[in-house]
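This report concerns only the one structure given below.
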Amino acid sequence: MQAAAARARRVLASPAASGLPGILWGPRLGSASGAEGALLLHLHGVSSSASSPHHARGFSSCFAPQSPGNLILTAMASQWSREKSVHYQMATAHFSTEASDVDHPTEAVEEMYQRMLKSVEAETMPPNAWLWSMISSCSNKEDIKLLFQILQKLRVFRLSNLRINANFNDHLCMKVAEASARVGTLDYGLKALWKHNVYGITPTIGSAHYLLQHAKTLNDTKLMENIMQVLRRNSLPLQPGTADMVFSICYNADRWDLLSKYADRFVKAGVKLHRTAFDIWMEFAAKVGDSQSIWNINSLRGKSVKHYTLATGFACAKGSLLDRKPENAAAMIKLLYKHLPDQKKPFVKDELKKLIAEWPTEVIKRQKKDDRKAMEEALIKDIPTMINCLTRSGLDIPVDLEKLTPQLQAA
C-alpha cells in the first residue's frame, strides 16, 4: 500500500501532471493519461470502470473527506468542473455567433411556403398565383432554398395525384433563374437548367441567357464557363444570342483563348452567328494581331452577312497592315466608306484616328518581345503609306500622323 501511495505521489509530481491541469478530466480516463487517474481511483477503493455507479457520480461524492488524497482529487475535480463550464460557455457563444450570421427566410416567403405545403398535404394543388408570388418575394438564399423545396413537393404531388407527366411551363424556368440571379444564388439557377431535375422545371436556353447576362454584368468568365458546361451536359441547343453574350464576356475580360475555344464550339454546332458576334470576334483578332484568324473569320462572315460594319471593315484593314499590305488596307477602308449608310460615314474618321493613335500600341504589346521591334518599324512605315493611298484614291480624311510615332515608341 505504501509503495502504491509513493507511485501516486510521483505521478502527481510529474511534469505531465503539472503541465496539464485537466489530467483527471472524465474524458481523459480512457486515454494514455487515464491509466494514472485509474491508479489514484484504485488507491481510494474506487473502481475505474466507466460502468461503475461511483464513476458515474461526481468526484466529491466518491471520496471520504478525511483522506489526504481526497483533497487533491476534490480540488482537481472542482477545477475540471470549472473548465468544463468555461468550454461549454465558449462553445455556446460560438454557436450563437454562427447562428446570428445565418440568413432566415423572409416572412412573406415563409408564409407562402406554409400555405402551399398545407395545400399539398391536403392533396389540393395550390393556385399558380401563390408560386409566382413566392418567386417574386425571394430576397435571400434561404428564400431560394424554400422555393426549390416547394417546387420538388409540387412535382411529386403532380406526378402522384394528378397523373401529369409534363413539367411546369417554360416560363417558370425563366422566373426561377431570374430570382436566383437576383439573390446571388447562381448554383440554384444552374439547377434550373438540368434536363432531368426533381423540381419539375423545364430548362430553356432563354433562362441560360439570363444567367449569362448576369455573368456579363459581373465580368465573370468562371460563371460563364459553368453555364456553358451545364448547357453542354444537358444538350440545350446553342443559339446566336448565346454566342453574342459569350463573345462579349470574353472580349470584356480580355480572354482571346476563351473566345477562340467557344467560337469553335458554336461553328461546329452550326450556329448562324449574328453580325454582332462577328464584330466582336474580328475586332478581338485584330487587337491581338492575329491576321490569319481575321481572314478565316471574314470568310465565315461572308457566308451569312453581306455587308461590312465599321468593326469588320477596319479589322480587315488592320489585317492587311499586319501582312505588310498597306495598299490593300487603304482599298478596304475606301470600299467600306462607299457602302456605309450616310449617317455612319462620319465614324470612319473616328476609327481611322483610333487605328493610328491606339491600335499600334495595343497590338505591339501583345507580341513576343523578339517580334515587337520589327512590327513597330513596319507599322511606322506602312500606316503613312496607307494614308497616302487613301488620299490618292480621292478619300481625303484629315488625320494626325504625328501621333503615330510617339504611340509606337511608348509601346
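Residue numbering restarts at 1 for every chain of the C-alpha cells, chains are lettered A, B, ... in their displayed order, and ligands are numbered from 1 as they appear.
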>> Env of stretch 181-192 of chain A: 7 Å cut, atoms = only C-alpha atoms, seq-sep filter 3 positions within chain, self excluded. Answer as a list in words.
In response: Ser139, Asn140, Lys141, Cys173, Val176, Ala177, Glu178, Ile201, Pro203, Leu211, His214 and Ile227 of chain A
> What residues in stretch 69-303 of chain A get the DSSP label alpha helix (DSSP H)? Please answer as an MDAnalysis selection string.
Replying inline: chainID A and resid 69:101 107:121 128:137 141:157 170:183 186:191 205:218 221:233 240:252 256:268 275:288 291:301
>> For stretch 251-264 of chain A, find every residue with an atom within 12 Å (counting only C-alpha atoms), except residues of its own chain fewer than 6 positions away, and show them as a PyMOL selection string.
In response: chain A and resi 215-222+224-225+228-229+232+238+240+242-245+270-273+277-290+293-294+296-297+300+366
